[in-house]
Amino acid sequence: MLPTAVSNDPLAGVAEFRDQFIRAYRFMLHARLLDERLASLYRSGKIFGGVFLGRGQEALSAGLGVCLRQGDVFAPLIRDAAGRLAFGEHMIDSIRTYLGSPLGPMRSRDGNVHRGRPKEGLLPMISHLGAMISVVNGMLMARRMQKRLGTSVGAACLGEGGTSTGAFHEALNQAGVERLPLVMVIANNQYAYSTPTNRQFACDNLVERAAGYGFDGHTVDGTDLGECLETLQKAVDNARSGRGPQMIVAPLLRLCGHGEHDDSSYIDPRLKQSELGRDCLEIAEQRLVAEGWLSGEEIGRSRSELLAAIDETISTVQRESAPNASAESWQALSTVSLRDMSSGTEMA
């Protein structure tokens with residue numbers, strides 16, 4: 001399905017959608033290849049801590065990232081590498097954080113997945129997942145009070161398991177009451193770690209909760225990039241134009257374990273064989289070729305170029321010095337000396 005064209009020329013709308021699709025696909029591919037390299041580093045003992053892959057969720061993540069713009073607020077989660085890249089995160093930030101480089105955005109602190117650049121609207125992840133939503137709310141309300149909200153929106157991502165937390169309920173209730181331009185994106189990947197959905201909630205579809213909070217609700221096939229782009233763009237545009245909070249629920253299947261430490265043996269094989277088990281990257285590539293938007297050779301070339309860039313960046317980071325505890329001030333990130341640092345790789 002194609003979005004309604006802004007131009008009176010229907011071909012202009014098709015071309016715009018094609019360009020957005022190709023752009024989002026490349027972020028999906030970049031994220032998948034980066035995840036695979038990080039998993040390889042983890043298995044070879046080069047990464048300490050967890051590695052969590054977004055395999056199967058890249059269409060939803062990249063789709064959201066390309067629908068946001070500079071000045072928005074984005075609260076991604078551990079499986080949102082594609083969305084982070086689309087929102088403007090530099091690949092080196094991810095690799096530096098995973099490998100513990102002090103030149104990374106978090107300066108070797110707070111584990112290896114909680115990276116971000118708040119001044120640029122990219123929020124570091126909070127492991128208490130539902131808690132991220134209230135942070136987005138707070139940033140939107142602060143901008144409103146300072147009369148600089150403008151047409152900014154705030155997007156928060158969550159898995160279906162996080163919707164069972166009190167923090168989720170409180171934050172969505174607040175967003176609804178305050179009519180905040182919040183875009184709440186829920187990846188229903190069928191398992192909260194290893195707990196299936198039938199042990200998590202009793203409603204048929206989580207989107208039913210949207211009405212209770214005063215949100216517009218949308219459901220989208222999380223394995224289909226085209227549908228994700230159409231639905232997410234509509235939701236973001238609604239929030240940006242003053243129509244209040246938006247909730248998007250995307251059924252899909254996590255095509256890997258909770259993390260690289262998890263063999264995912266609990267996943268029902270029937271789900272893997274269902275429509276939910278489709279690989280969104282393969283589906284996107286099939287459409288690119290079928291529509292004549294990219295050839296198989298162009299896709300292969302993009303893959304090779306991205307792999308070369310990833311390997312070069314990993315090599316660069318591996319040559320960087322490790323953290324030096326005796327030389328580190330260990331001041332909190334909110335202190336004046338760090339808050340007033342000029343922009344660059346050292347600023348969080």
# chains A, B, ... in the order shown; residues from 1 in each chain; ligands from 1
>>> select_by_dssp(residues="range 29-257 of chain A", states="helix (DSSP H, G or I)", output="ChimeraX atom specification")
/A:29-43,58-67,81-87,91-99,118-120,131-145,160-164,166-178,197-199,206-213,225-240
>>> residues_around(residues="Asn189 in chain A", least_positions_apart="6", cutoff="8 Å", atoms="only C-alpha atoms", output="list in words")
Gly159, Glu160, Pro251, Leu252, Leu253 and Arg254 of chain A
>>> write_last_selection(atoms="C-alpha atoms", output="PDB file, in the first residue's frame")
ATOM      1  CA  GLY A 159       8.098  -4.616  23.666  1.00  0.00           C
ATOM      2  CA  GLU A 160       4.721  -6.078  24.535  1.00  0.00           C
ATOM      3  CA  PRO A 251       2.882  -8.057  15.611  1.00  0.00           C
ATOM      4  CA  LEU A 252       6.126  -9.780  14.569  1.00  0.00           C
ATOM      5  CA  LEU A 253       8.494 -12.444  15.835  1.00  0.00           C
ATOM      6  CA  ARG A 254      11.911 -11.963  17.365  1.00  0.00           C
TER       7      ARG A 254
END
>>> select_by_dssp(residues="range 44-202 of chain A", states="strand (DSSP E)", output="VMD selection string")
chain A and resid 73 to 75 154 to 159 182 to 188 191 to 192 195 to 196
>>> residues_around(residues="Leu34 in chain A", least_positions_apart="5", cutoff="9 Å", atoms="only C-alpha atoms", output="mmCIF file with C-alpha atoms, in the first residue's frame")
data_model
loop_
_atom_site.group_PDB
_atom_site.id
_atom_site.type_symbol
_atom_site.label_atom_id
_atom_site.label_comp_id
_atom_site.auth_asym_id
_atom_site.auth_seq_id
_atom_site.Cartn_x
_atom_site.Cartn_y
_atom_site.Cartn_z
ATOM 1 C CA LEU A 29 20.542 -3.847 6.179
ATOM 2 C CA ALA A 39 27.402 -11.071 17.863
ATOM 3 C CA ALA A 81 19.812 -0.334 15.913
ATOM 4 C CA MET A 91 27.804 3.648 13.891
ATOM 5 C CA ILE A 95 30.721 0.033 18.505
ATOM 6 C CA LEU A 306 28.363 -1.668 4.540
ATOM 7 C CA LEU A 307 30.382 -4.676 5.712
ATOM 8 C CA ILE A 310 31.573 -1.814 9.717
#
>>> closest_residue(among="A:Leu255, A:Gln233, A:Asp221, A:Asn324", to="Gln273 in chain A", atoms="only C-alpha atoms")
A:Leu255
>>> residues_around(residues="range 204-212 of chain A", least_positions_apart="3", cutoff="6 Å", atoms="only C-alpha atoms", output="list in words")
Phe215, Gly217 and Val249 of chain A
>>> atom_distance(atom1="CA of Phe168 in chain A", atom2="CA of Leu182 in chain A")
12.9 Å
>>> residues_around(residues="range 175-178 of chain A", least_positions_apart="5", cutoff="9 Å", atoms="only C-alpha atoms", output="ChimeraX atom specification")
/A:134,137,141,170,213-215,244-245
>>> residues_around(residues="Leu271 in chain A", least_positions_apart="5", cutoff="9 Å", atoms="only C-alpha atoms", output="number ranges by chain")
A: 190, 253, 276-277
>>> closest_residue(among="A:Val73, A:Asp224, A:Ser265, A:Ile78", to="Pro181 in chain A", atoms="only C-alpha atoms")
A:Val73
